[in-house]
Protein chains: 4
Amino acid sequence: MSLLDPLFRWEAVDRHFTDHARLQGMLDFEAALARAEASTGVIPAAAAPAIAAKCRAELFDASAIALAAAPAGGPAIPLVKQLTALVAKADAEAARFVHWGATSQDAIDTGFVLQSRSALALIQAECARLADALAKLARMHSATPLAARTWMQQALPTTFGFIAAGWLDAVQRSSDRLADSARRALVLQFGGAVGTLAALGGHGLDVARALGADLQLPMPDLPWHAHRDRMAELAAALALLTGTLGKIARDISLHMQTEVGEIFEPAGEGRGGSSTMPHKRNPVVCASVLSAAARVPALASTMLSAMVQENERGLGGWHAEWETLPEIFQLTGGALHHLTDAVCGLEIDAAKMAANLDVTHGLIFAEAVQMALAPALGRLPAHDLVQAAAQRAIAEKRPLKDVLAADRHVSTHLPKAELDRLFDPLQYLGSAQAFIDRVLASHAARGKKSSGPGG
Amino acid sequence: MSLLDPLFRWEAVDRHFTDHARLQGMLDFEAALARAEASTGVIPAAAAPAIAAKCRAELFDASAIALAAAPAGGPAIPLVKQLTALVAKADAEAARFVHWGATSQDAIDTGFVLQSRSALALIQAECARLADALAKLARMHSATPLAARTWMQQALPTTFGFIAAGWLDAVQRSSDRLADSARRALVLQFGGAVGTLAALGGHGLDVARALGADLQLPMPDLPWHAHRDRMAELAAALALLTGTLGKIARDISLHMQTEVGEIFEPAGEGRGGSSTMPHKRNPVVCASVLSAAARVPALASTMLSAMVQENERGLGGWHAEWETLPEIFQLTGGALHHLTDAVCGLEIDAAKMAANLDVTHGLIFAEAVQMALAPALGRLPAHDLVQAAAQRAIAEKRPLKDVLAADRHVSTHLPKAELDRLFDPLQYLGSAQAFIDRVLASHAARGKKSSGPGG
Amino acid sequence: MSLLDPLFRWEAVDRHFTDHARLQGMLDFEAALARAEASTGVIPAAAAPAIAAKCRAELFDASAIALAAAPAGGPAIPLVKQLTALVAKADAEAARFVHWGATSQDAIDTGFVLQSRSALALIQAECARLADALAKLARMHSATPLAARTWMQQALPTTFGFIAAGWLDAVQRSSDRLADSARRALVLQFGGAVGTLAALGGHGLDVARALGADLQLPMPDLPWHAHRDRMAELAAALALLTGTLGKIARDISLHMQTEVGEIFEPAGEGRGGSSTMPHKRNPVVCASVLSAAARVPALASTMLSAMVQENERGLGGWHAEWETLPEIFQLTGGALHHLTDAVCGLEIDAAKMAANLDVTHGLIFAEAVQMALAPALGRLPAHDLVQAAAQRAIAEKRPLKDVLAADRHVSTHLPKAELDRLFDPLQYLGSAQAFIDRVLASHAARGKKSSGPGG
Amino acid sequence: MSLLDPLFRWEAVDRHFTDHARLQGMLDFEAALARAEASTGVIPAAAAPAIAAKCRAELFDASAIALAAAPAGGPAIPLVKQLTALVAKADAEAARFVHWGATSQDAIDTGFVLQSRSALALIQAECARLADALAKLARMHSATPLAARTWMQQALPTTFGFIAAGWLDAVQRSSDRLADSARRALVLQFGGAVGTLAALGGHGLDVARALGADLQLPMPDLPWHAHRDRMAELAAALALLTGTLGKIARDISLHMQTEVGEIFEPAGEGRGGSSTMPHKRNPVVCASVLSAAARVPALASTMLSAMVQENERGLGGWHAEWETLPEIFQLTGGALHHLTDAVCGLEIDAAKMAANLDVTHGLIFAEAVQMALAPALGRLPAHDLVQAAAQRAIAEKRPLKDVLAADRHVSTHLPKAELDRLFDPLQYLGSAQAFIDRVLASHAARGKKSSGPGG
């Protein structure tokens with residue numbers, strides 16, 4: 001664990017991108033390869049268990065591999081050498097068949113696909129936890145009014161449930177996208193030195209099929225050594241999720257400002273406090289999530305620009321992925337996990353929300369009044385009348401409702417009770433509830449789908 | 001047309017992102033909104049045709065809108081003002097109902113979605129043309145051997161058909177991705193000032209449904225004013241395509257180098273030539289495509305980082321999209337179109353490919369010999385024997401085959417005819433043909449699907 | 001003028017990056033080249049005026065150049081062809097010496113350097129205008145207290161003058177950086193086809209010196225066709241300025257929020273208002289500046305990643321600069337100009353600043369009280385006492401001062417007058433004024449320097 | 001050491017960015033702060049040594065700090081807590097004065113500046129080593145001809161010395177830039193909670209001056225908590241260096257292609273070889289350097305976009321720097337170190353360079369012949385004559401020289417000896433040597449300057 005890991009990352013995802021996990025990913029490939037080649041008669045049946053027995057990362061000297069990776073241009077060749085030596089100690093004959101017909105990129109890419117598959121499953125589960133928490137907020141606060149802000153200015157009333165439903169809607173789209181990209185990206189890499197599986201003669205496809213079946217990875221139409229769109233798509237899908245997480249964190253941090261004070265990250269010992277500034281409650285989770293949202297887009301652009309790789313296996317572009325994509329997984333995982341925790345414990349101050357709706361002394365309801373007057377006066381006269389009243393309210397620092405109530409043109413058409421109603425935020429919410437219901441229905445439908453056998 | 005447009009862009013796509021197209025996109029929204037509101041009884045029936053009649057971009061003063069867009073923070077408010085004035089001249093009553101209940105972002109976003117839909121259809125069609133050209137190359141050159149290069153070094157033989165099939169495979173994945181993202185992204189934006197459609201009272205959803213139907217755009221569960229993942233996903237999908245185009249261009253430019261000389265962009269008057277350097281044939285299409293592949297990833301990262309928008313409608317992040325996403329469409333469209341043209345006219349020098357296979361004096365076949373000797377000698381002894389022969393061949397600058405033929409250990413197991421066979425590149429292609437066939441089958445299946453009634 | 005130019009750009013800078021300016025930049029190179037070659041006897045003396053006479057962009061058919069630029073891979077070759085034809089009409093002999101010994105990149109790069117030089121001068125002047133406006137604010141508001149916010153939470157008091165001085169300090173650094181990068185980047189490009197000036201035989205350096213003198217551009221040690229750090233450094237320096245502008249805009253937009261209401265962009269007809277939401281005052285300049293700050297970093301990364309160019313003149317990387325660096329200039333120029341205007345007219349609501357200092361009911365002064373009690377009580381007991389009082393104040397919703405005043409441990413050490421003083425924000429500003437003075441002194445020193453003869 | 005560190009990084013630089021180094025950086029700040037405050041009478045004289053004695057990273061529990069950093073929002077608060085506890089064990093009175101008047105960001109930023117200063121010194125020294133190696137190549141190969149390539153096509157002859165001088169020129173500019181940015185960026189950060197040093201009353205500037213003197217860091221005009229241009233400029237300067245390294249690596253990898261074979265990374269045990277492909281010599285250093293050049297630009301864009309920080313101390317943007325800037329240092333350092341090693345051992349195959357000059361059968365000399373014929377025939381007739389000859393040479397696959405020699409128009413003006421001279425690459429190098437000399441003179445001047453007392 002490095003100094004900033006607990007702040008920025010999530011251990012459950014990180015575990016899939018340690019050096020150990022990287023080695024194990026490649027070793028899982030090597031073991032499965034041996035089994036697949038034994039089952040198709042390409043190597044002796046006895047070689048497979050002998051090889052597979054040594055495919056455990058804890059048997060390897062990671063430092064030695066690291067040192068040898070520099071001159072070799074990557075960790076796979078030194079790993080295979082160590083594996084061969086380990087197997088040879090127990091079974092010299094089997095050692096001859098280690099990594100048979102494969103290239104180092106087959107091991108590295110397939111290994112990484114295996115790491116990604118597990119990490120994505122965790123991320124999807126955490127997305128579901130976040131979605132559930134947001135759905136709960138959307139339901140619970142569907143009638144909790146607050147000021148909607150546009151351009152960082154109060155605009156009209158909305159409800160916190162509507163805001164939460166918007167967050168939920170976006171999280172669900174990201175979850176769909178992850179599923180789409182996983183379906184396309186999480187496939188076997190197996191092509192040998194130049195993609196043709198030449199060293200396997202006529203047995204290439206049989207081995208590939210058996211290998212895919214062993215690892216439960218679909219076999220692509222053709223090896224993709226220098227075609228990196230699969231990995232770049234994973235990066236993009238994760239970056240899209242992180243963008244949504246950043247948007248939610250931005251919102252929370254804005255609502256949590258001292259002068260706004262409507263929504264708060266959960267409190268806790270040592271959490272965002274300051275001993276000398278007792279009023280402070282720093283949105284530390286937001287800081288972490290916003291930091292991820294500031295970093296992941298650029299990392300995704302590296303994955304995209306690194307796609308321009310040379311010939312059958314590229315130079316440098318592929319290498320640029322090795323730390324970049326794991327970093328994207330880790331930062332996305334960390335932001336997702338921390339934000340989910342925060343959303344689960346979010347504190348909502350409905351009273352402050354209501355109070356803030358009054359900050360403009362009723363100007364926020366001008367549109368509602370105007371719409372109510374329009375049928376009688378016509379839209380333009382209604383607009384002019386309300387605008388004049390608003391200007392008077394601002395100039396005289398009086399509540400707009402009082403100014404309007406004193407206006408005979410208004411009182412003719414809008415009796416006091418009606419005017420009161422127009423200044424009730426819950427009366428000017430349009431289709432907010434209907435939109436919330438639509439999002440919750442989608443959420444419920446997903447829940448049913450994912451709890452089914454296909455899960 | 002600006003000075004660099006023909007070099008970097010494609011007029012057919014660009015046409016969708018001119019100022020005129022942008023205005024028309026918003027006006028199409030306004031016209032459809034009026035019809036939808038008339039059909040649901042929200043505005044008088046007569047207002048709709050009166051408004052729609054003026055929703056033609058050529059009636060508007062774009063310069064005046066541009067100048068007013070600076071203080072207004074965008075072009076929609078000045079456009080609506082001009083539209084209202086235009087309608088008012090013909091029908092003062094109808095003018096009252098222009099833009100009824102909508103917000104400027106509804107017009108801008110939906111307008112952009114409409115522009116994107118047309119542009120994406122063109123891009124998809126051009127992807128299909130590129131795929132067809134690549135499929136033709138894959139079929140035609142499935143037995144045209146050349147040296148596969150890995151790490152920018154000759155590795156083993158492959159065929160140009162295999163390379164073309166790899167390109168095709170990647171283009172097809174990008175086309176699928178575009179379809180996925182279009183399905184998710186190309187939806188209606190309609191929420192009014194803060195997303196609740198408050199100004200429409202209880203009629204919001206009815207109007208939204210009618211509006212979506214009119215524009216043939218699905219209605220999302222909830223307006224997405226400050227949730228920009230839809231637009232960012234379009235950017236990512238286009239960037240993934242551009243990455244693949246860049247990879248193909250990189251390959252072509254490498255094959256086209258003076259010393260390699262295997263593949264050439266089509267020649268032509270004024271095309272990449274130099275009057276004082278008659279041997280030069282500059283890969284100008286590659287330059288243009290590589291340039292796009294260098295630019296689009298960063299533009300995509302802007303779309304991703306701009307997702308962190310504030311509250312119900314954001315400040316600056318949304319504005320950052322307005323020129324960035326059109327630029328991505330244009331650069332991707334241009335790269336795709338120019339590369340497709342180049343691929344359609346690609347010149348293949350099979351003789352030079354064959355000659356280059358001989359550059360290493362047969363060392364490229366060392367693995368093949370080693371695999372052939374392995375059953376008899378064991379893998380390690382075979383490896384050592386071939387390695388020693390290779391070193392001798394390098395030191396004495398003799399063809400490896402001659403060195404091997406002179407080696408009694410080799411001739412025992414490999415008679416001359418067999419040795420000749422091992423130095424035939426077509427004999428060491430493994431599953432290349434099978435992989436090509438798989439990709440072509442996928443291509444054929446897509447062709448069938450897309451020629452069906454659903455298009 | 002395109003639809004979004006007035007919103008995002010500044011006409012004075014834009015003028016340097018039109019197609020016309022691009023052509024003129026190259027033509028200025030060609031005219032100066034002819035003069036330099038005539039003066040060094042490389043071409044006939046009479047050729048220079050004949051060539052220079054035609055080096056006026058308005059004589060050229062930009063559309064024809066644009067169309068020819070696509071197959072030629074850039075605009076220079078078609079431009080030179082048109083120029084040669086134009087010269088030939090008047091003087092066939094002179095036409096033979098057009099573009100003598102130069103390569104297209106010499107014209108494109110030097111032309112762009114000339115465009116950049118003028119644009120940078122404008123940007124520097126505007127930086128100075130912004131700095132002056134900020135210096136005025138720093139002086140004027142050095143005793144205007146408001147709440148400093150950290151982590152988007154009120155922390156301690158500061159003054160608006162201190163904030164403005166911080167902005168000024170950063171703008172000045174950016175101005176220095178622009179000067180440094182201009183000194184390094186704005187040099188002649190002149191190397192001929194491969195950088196050696198081979199076509200000029202032994203006269204290369206003489207011509208280069210004369211050419212540099214004519215254009216008032218330093219001559220670099222060696223041509224820099226494929227070494228693009230000069231252009232990328234310009235991009236980085238502009239991006240650093242834009243980052244600072246974005247930071248200032250972020251601050252203004254936060255201070256301008258409805259609930260905060262301390263600082264406002266200047267008001268004006270059609271400026272950020274909403275007819276139906278009369279209380280709204282959208283920070284439209286901030287939107288534009290923040291949009292630039294979201295876009296320019298990615299564009300700068302394109303310039304950086306495009307540096308990896310091939311051999312003596314690259315493929316694609318160079319082309320990627322052609323629109324990217326102008327875009328950076330334009331967006332930076334636009335953000336700078338709009339923000340400078342806004343800062344010049346910034347409205348400061350000192351009363352609201354004072355009121356917001358009271359939002360925490362005095363908790364913001366807890367540290368000041370603690371520091372005052374520490375000498376007598378010890379730091380830890382002082383801290384504990386104040387913390388307990390703060391918690392009581394929060395729980396009982398009472399002003400911290402009242403809670404403290406009622407505490408005998410406090411009143412012993414802090415008489416009422418002293419307590420009042422501690423709750424005066426102007427009494428807890430530490431070195432704020434000294435820091436302001438330091439920044440203003442730097443500003444004054446720069447003013448003197450830049451008004452000197454060296455300018 | 002992680003698995004990919006030796007491949008991508010340089011231990012000497014990495015050592016400055018470990019967790020240990022990060023803690024020590026902050027502790028160096030804390031120790032110096034105590035000394036500065038003691039020397040100015042702000043804290044008791046005895047407190048300083050008591051505090052400084054514990055400011056050794058090895059005394060701290062990094063894991064505990066890491067875990068506490070998550071709720072605290074960063075490592076400084078938990079570090080200060082541990083430090084206070086450690087000091088208290090030995091001297092309870094001194095413990096009261098730990099971190100006196102400072103904010104966590106003061107420790108983090110100043111600590112990072114200290115880490116950067118050491119790392120930059122190493123990087124500058126390595127730049128000098130690279131420059132020396134390049135200067136040696138430029139001198140040694142000033143008369144080693146090879147084909148210059150533009151647009152990835154052979155163009156005209158050049159010398160390898162000229163190429164090396166171009167590389168050297170760019171490295172020197174990057175070194176200057178690093179020095180400029182270090183001068184501006186490596187300054188003290190010390191402002192207390194909101195930048196005003198309020199907690200130090202009237203002693204703020206005195207302490208700051210003493211602190212800066214102790215750490216040998218200049219004191220800035222004003223604290224820069226939320227103004228991050230200093231850190232972003234470091235990132236940009238490092239990225240510019242990495243871009244140049246990437247350009248050099250791109251060149252080497254192109255020259256090292258099997259068909260080109262002109263320049264090679266040094267060979268060595270386990271270095272870029274393949275057991276089954278004996279002819280392969282993978283450019284592994286280029287892969288590593290190109291990978292850095294693909295990653296650092298995006299990381300730099302994160303630093304630039306993270307500049308948009310809120311108010312007096314930002315949320316998320318600052319946090320985004322914590323891992324990004326160290327990563328930039330590490331990748332740049334690694335690329336620089338590995339490339340320097342490779343350049344020191346670069347193998348040049350002058351014979352292959354000469355052979356490649358013949359690949360076009362003399363077409364590469366067409367311009368030279370044309371320039372030689374122009375005075376006699378006029379430029380256009382000379383051009384037409386040579387072009388016709390070139391076309392004949394291509395069509396008949398004959399050397400251009402033979403075609404020309406057989407042409408009576410040519411032989412009249414160019415006797416055989418002269419024609420031979422024109423096909424000698426060393427005769428068509430223009431000012432190549434003069435340019436090399438200029439760059440070497442700059443290099444020598446720098447050497448003198450940096451070996452002077454100011455170093």
# chains A, B, ... in the order shown; residues from 1 in each chain; ligands from 1
$ closest_atom_pairs --of "chain B" --to "chain A" --cutoff "7 Å" --atoms "only C-alpha atoms" --output "Markdown table"
| residue | atom | partner | partner_atom | distance |
| --- | --- | --- | --- | --- |
| B:Arg96 | CA | A:Arg379 | CA | 6.4 |
| B:Ala148 | CA | A:Glu312 | CA | 6.1 |
| B:Arg149 | CA | A:Glu312 | CA | 5.5 |
| B:Thr150 | CA | A:Arg313 | CA | 4.4 |
| B:Trp151 | CA | A:Leu315 | CA | 4.9 |
| B:Met152 | CA | A:Leu315 | CA | 6.8 |
| B:Leu156 | CA | A:Val194 | CA | 6.6 |
| B:Gly166 | CA | A:Leu222 | CA | 6.7 |
| B:Ala170 | CA | A:His227 | CA | 6.7 |
| B:Val194 | CA | A:Ala148 | CA | 6.3 |
| B:Thr196 | CA | A:Ala432 | CA | 4.8 |
| B:Leu197 | CA | A:Gly430 | CA | 5.1 |
| B:Ala198 | CA | A:Gly430 | CA | 3.6 |
| B:Ala199 | CA | A:Gly430 | CA | 6.7 |
| B:Leu200 | CA | A:Gly430 | CA | 6.4 |
| B:Gly201 | CA | A:Gly430 | CA | 4.8 |
| B:Gly202 | CA | A:Gly430 | CA | 5.9 |
| B:Gly204 | CA | A:Ser431 | CA | 5.8 |
| B:Leu205 | CA | A:Ser431 | CA | 6.7 |
| B:Asp221 | CA | A:Arg438 | CA | 5.4 |
| B:Leu222 | CA | A:Phe435 | CA | 5.2 |
| B:His227 | CA | A:Ala170 | CA | 6.7 |
| B:Asp229 | CA | A:Leu240 | CA | 6.1 |
| B:Ala236 | CA | A:Ala236 | CA | 6.3 |
| B:Ala239 | CA | A:Leu304 | CA | 6.9 |
| B:Leu240 | CA | A:Asp229 | CA | 6.1 |
| B:Gly243 | CA | A:Met307 | CA | 5.3 |
| B:Thr244 | CA | A:Met307 | CA | 6.8 |
| B:Gly246 | CA | A:Val308 | CA | 5.3 |
| B:Lys247 | CA | A:Val308 | CA | 4.1 |
| B:Arg250 | CA | A:Glu310 | CA | 6.3 |
| B:Asp251 | CA | A:Asn311 | CA | 5.5 |
| B:Ala293 | CA | A:Ser305 | CA | 6.6 |
| B:Ala294 | CA | A:Ser305 | CA | 6.3 |
| B:Pro297 | CA | A:Ser301 | CA | 4.8 |
| B:Ala298 | CA | A:Ser301 | CA | 5.7 |
| B:Ala300 | CA | A:Ser301 | CA | 6.9 |
| B:Ser301 | CA | A:Pro297 | CA | 4.8 |
| B:Leu304 | CA | A:Pro297 | CA | 5.5 |
| B:Ser305 | CA | A:Pro297 | CA | 5.6 |
| B:Met307 | CA | A:Gly243 | CA | 5.3 |
| B:Val308 | CA | A:Lys247 | CA | 4.1 |
| B:Gln309 | CA | A:Lys247 | CA | 5.6 |
| B:Glu310 | CA | A:Asp251 | CA | 5.9 |
| B:Asn311 | CA | A:Asp251 | CA | 5.5 |
| B:Glu312 | CA | A:Thr150 | CA | 5.3 |
| B:Arg313 | CA | A:Thr150 | CA | 4.4 |
| B:Gly314 | CA | A:Trp151 | CA | 5.3 |
| B:Leu315 | CA | A:Trp151 | CA | 4.9 |
| B:Met371 | CA | A:Ala199 | CA | 6.9 |
| B:Arg379 | CA | A:Arg96 | CA | 6.3 |
| B:Tyr428 | CA | A:Ala198 | CA | 5.6 |
| B:Leu429 | CA | A:Ala198 | CA | 5.0 |
| B:Gly430 | CA | A:Ala198 | CA | 3.6 |
| B:Ser431 | CA | A:Thr196 | CA | 5.2 |
| B:Ala432 | CA | A:Thr196 | CA | 4.8 |
| B:Phe435 | CA | A:Leu222 | CA | 5.2 |
| B:Arg438 | CA | A:Asp221 | CA | 5.4 |
| B:Val439 | CA | A:Asp221 | CA | 5.5 |
$ residues_around --residues "Phe8 (chain D)" --least-positions-apart "4" --cutoff "9 Å" --atoms "only C-alpha atoms" --output "PyMOL selection string"
(chain A and resi 70) or (chain D and resi 4+288-289+291-292+330-331+333-335+338)
$ write_last_selection --atoms "C-alpha atoms" --output "JSON list (two decimals), in the first residue's frame"
[["chain", "number", "residue", "atom", "x", "y", "z"],
["A", 70, "ALA", "CA", 14.49, -3.66, -18.94],
["D", 4, "LEU", "CA", 8.14, -2.25, -14.77],
["D", 288, "SER", "CA", 10.67, 2.57, -23.48],
["D", 289, "VAL", "CA", 11.39, 6.15, -24.57],
["D", 291, "SER", "CA", 6.26, 4.91, -24.40],
["D", 292, "ALA", "CA", 7.23, 7.82, -22.15],
["D", 330, "GLN", "CA", 9.91, 9.50, -13.26],
["D", 331, "LEU", "CA", 8.99, 8.83, -16.87],
["D", 333, "GLY", "CA", 14.00, 10.64, -15.96],
["D", 334, "GLY", "CA", 13.71, 7.06, -17.13],
["D", 335, "ALA", "CA", 13.49, 7.95, -20.79],
["D", 338, "HIS", "CA", 17.90, 4.92, -20.93]]
$ select_by_dssp --residues "region 107-328 of chain B" --states "strand (DSSP E or B)" --output "ChimeraX atom specification"
/B:145-150,153-159,263-264,313
$ residues_around --residues "Ile51 (chain B)" --least-positions-apart "2" --cutoff "12 Å" --atoms "only C-alpha atoms" --output "PyMOL selection string"
chain B and resi 27-38+43-49+53-56+80+82-100
$ atom_distance --atom1 "CA of Ser2 (chain D)" --atom2 "CA of His337 (chain A)"
25.0 Å
$ atom_distance --atom1 "CA of Thr144 (chain D)" --atom2 "CA of His361 (chain D)"
19.2 Å
